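Have a look at the structure below, then the notes.
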Amino acid sequence: MKKIVIGSDHGGYALKGAIINHLKKKKYKVIDVGTYSEDRVDYPDFAEKAARMVASNEVKMGILICNTGIGMCISANKIKGIRAANVHDIDTAKLSKEHNNANIITLGSVVLEPEEAIEVVESWLNAKFVGGRHKRRIKKISKLENEN
């Protein structure tokens, strides 16, 4: 069974629930790192929890949700080993995996309706990293990360 971590802030809470339901129907083991209500919280806390699980290889992939996906993306990318991509349609989701081997995607609850978000998630989950020249570029990203 494939495992995936998912987290959100209060703005992404409802969308997170719809995505979790979908993933469970697809037989994923979903690890929900919160938040667990619509009470106001700080998105970096949940981005860090999920990103650290991915970076440590406890899970291979993650999904983070806030109002726009931008804050979650910025926060997750602060963790060494994370390649988070803020995706907003099936093409950006697919290319984030094919070209960047994104191990986390971030979604915006005010950008995507639940049905659209599920299609975006499916696009990312079904895509495969193509390697080649993109592998070389990912090595360069890792080198930049190691310099800081």
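Here's how to read the names in the structure tokens: chain A, B, ... by the order shown, residue numbers from 1 in each chain, ligand numbers from 1 in the order shown.
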
For A:Asp42, find every residue with an atom within 10 Å (counting only C-alpha atoms), except residues of its own chain fewer than 4 positions away, and show them as an NGL selection string. :A and (8-10 or 35 or 46-47 or 66 or 71-72)

Taking the backbone alone, and naming residues the way the document does, which bits of chain A are alpha helix (DSSP H) by DSSP, as a ChimeraX atom specification? /A:13-25,43-55,70-76,90-98,114-126,133-147

Neighbour list for A:Thr106 as an MDAnalysis selection string, cut-off 8 Å, only C-alpha atoms, skip fewer than 2 positions in-chain: chainID A and resid 63:66 69:70 72:73 84:87 104 108

Selected residue of minimal separation from A:Ser75 among A:Val111, A:Ala51, A:Val59, A:Glu98, counting only C-alpha atoms: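 Of the candidates, the smallest distance to A:Ser75 is held by A:Ala51.
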
For atom CA of A:Lys29 and atom CA of A:Val5, quote the distance in Å rounded to one decimal.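 Straight-line distance from atom CA of A:Lys29 to atom CA of A:Val5 works out to 8.5 Å.
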
Surrounding residues of A:Glu48 excluding itself and chain neighbours under 3 positions, 10 Å, only C-alpha atoms, as a compact mmCIF listing (two decimals) with N, CA and C atoms, in the first residue's frame:
```
# COMPACT_ATOMS: atom_id res chain seq x y z
N GLY A 7 -1.35 17.59 4.71
CA GLY A 7 -1.55 18.58 5.75
C GLY A 7 -2.17 19.83 5.19
N VAL A 33 -1.41 15.04 8.99
CA VAL A 33 -0.66 15.75 10.04
C VAL A 33 -1.38 17.02 10.52
N TYR A 43 0.18 28.00 8.84
CA TYR A 43 0.51 26.97 7.86
C TYR A 43 1.94 26.44 7.94
N PRO A 44 2.96 27.23 8.33
CA PRO A 44 4.31 26.65 8.36
C PRO A 44 4.44 25.44 9.29
N ASP A 45 3.63 25.40 10.34
CA ASP A 45 3.70 24.28 11.27
C ASP A 45 3.35 22.96 10.59
N ALA A 51 6.72 17.90 5.43
CA ALA A 51 7.99 17.93 4.69
C ALA A 51 9.07 17.10 5.39
N ARG A 52 9.10 17.15 6.71
CA ARG A 52 10.09 16.35 7.43
C ARG A 52 9.84 14.85 7.25
N MET A 53 8.59 14.45 7.15
CA MET A 53 8.27 13.04 6.91
C MET A 53 8.76 12.61 5.53
N VAL A 54 8.57 13.48 4.54
CA VAL A 54 9.03 13.17 3.18
C VAL A 54 10.56 13.19 3.12
N MET A 72 2.40 27.32 1.83
CA MET A 72 2.80 25.93 2.10
C MET A 72 4.03 25.57 1.26
N SER A 75 7.19 27.28 2.61
CA SER A 75 7.58 26.66 3.88
C SER A 75 8.19 25.28 3.66
N ALA A 76 7.54 24.44 2.88
CA ALA A 76 8.03 23.07 2.66
C ALA A 76 9.41 23.08 2.01
N ASN A 77 9.63 24.00 1.09
CA ASN A 77 10.91 24.05 0.38
C ASN A 77 12.07 24.50 1.26
N LYS A 78 11.81 24.92 2.48
CA LYS A 78 12.88 25.26 3.41
C LYS A 78 13.52 24.01 4.02
N ILE A 79 12.87 22.86 3.86
CA ILE A 79 13.37 21.61 4.42
C ILE A 79 14.24 20.93 3.37
```

With distances taken over only C-alpha atoms, which of A:Ile90, A:Ala18, A:Val110, A:Val41 is nearest to A:Glu122?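 So, comparing all the options, the nearest one is A:Ile90.
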
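Shortest atom-to-atom contact with A:Ile138 among A:Ala117, A:Ala55, A:Ile82, A:Ala93: A:Ile82, counting only C-alpha atoms.
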
Restricting the calculation to only C-alpha atoms, which member of A:His99, A:Pro114, A:Arg136, A:Gly81 is positioned closest to A:Gly17? A:Pro114

Based on the backbone DSSP call, show me all residues of stretch 22-148 of chain A assigned strand (DSSP E), as a list in words. Lys29, Val30, Ile31, Asp32, Gly62, Ile63, Leu64, Ile65, Cys66, Ala84, Ala85, Asn86, Ile104, Ile105, Thr106, Leu107 and Gly108 of chain A

Let me see the file: selected residues, N, CA and C atoms, as a short mmCIF file (atom, residue, chain, number, x, y, z; two decimals), in the first residue's frame.
```cif
data_model
loop_
_atom_site.label_atom_id
_atom_site.label_comp_id
_atom_site.auth_asym_id
_atom_site.auth_seq_id
_atom_site.Cartn_x
_atom_site.Cartn_y
_atom_site.Cartn_z
N LYS A 29 -2.56 4.70 1.96
CA LYS A 29 -2.51 4.91 3.41
C LYS A 29 -2.20 6.39 3.59
N VAL A 30 -3.14 7.14 4.14
CA VAL A 30 -3.02 8.59 4.27
C VAL A 30 -2.64 8.94 5.71
N ILE A 31 -1.56 9.68 5.84
CA ILE A 31 -1.14 10.18 7.14
C ILE A 31 -1.49 11.66 7.18
N ASP A 32 -2.45 11.99 8.01
CA ASP A 32 -2.95 13.37 8.13
C ASP A 32 -2.24 14.04 9.30
N GLY A 62 3.95 13.94 -0.55
CA GLY A 62 3.03 14.67 0.30
C GLY A 62 2.22 15.70 -0.45
N ILE A 63 1.12 16.08 0.17
CA ILE A 63 0.22 17.09 -0.37
C ILE A 63 -0.05 18.09 0.76
N LEU A 64 0.09 19.37 0.43
CA LEU A 64 -0.16 20.44 1.40
C LEU A 64 -1.16 21.43 0.81
N ILE A 65 -2.06 21.94 1.66
CA ILE A 65 -3.14 22.79 1.17
C ILE A 65 -3.31 24.00 2.09
N CYS A 66 -3.34 25.17 1.49
CA CYS A 66 -3.74 26.40 2.19
C CYS A 66 -4.62 27.17 1.21
N ALA A 84 9.01 20.91 -3.45
CA ALA A 84 7.56 21.17 -3.44
C ALA A 84 7.22 22.08 -4.61
N ALA A 85 6.10 21.77 -5.23
CA ALA A 85 5.62 22.56 -6.37
C ALA A 85 4.19 23.01 -6.09
N ASN A 86 3.95 24.29 -6.26
CA ASN A 86 2.59 24.81 -6.16
C ASN A 86 1.93 24.61 -7.51
N ILE A 104 6.48 16.81 -3.13
CA ILE A 104 5.30 17.41 -2.49
C ILE A 104 4.64 18.33 -3.50
N ILE A 105 3.30 18.31 -3.51
CA ILE A 105 2.58 19.34 -4.25
C ILE A 105 1.78 20.15 -3.26
N THR A 106 1.59 21.42 -3.59
CA THR A 106 0.77 22.29 -2.77
C THR A 106 -0.38 22.80 -3.62
N LEU A 107 -1.52 22.91 -2.97
CA LEU A 107 -2.76 23.28 -3.65
C LEU A 107 -3.41 24.45 -2.93
N GLY A 108 -4.15 25.24 -3.69
CA GLY A 108 -4.89 26.36 -3.13
C GLY A 108 -6.37 26.07 -3.09
#
```

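Minimum atom-to-atom distances from A:Lys80, A:Lys128, A:Lys140, A:Lys27 to A:Lys94 were compared using only C-alpha atoms, and the lowest value belongs to A:Lys128.
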
Using only C-alpha atoms for the distances, tell me which of A:Ser37, A:Asn57, A:Thr92, A:Asn146 is nearest to A:Glu119.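 Nearest to A:Glu119: A:Thr92.
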
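As for atom CA of A:Lys49 and atom CA of A:Met1, they are spaced 21.4 Å apart.
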
Work out how far apart atom CA of A:Asn101 and atom CA of A:Val120 are and give it in Å to one decimal. 15.4 Å
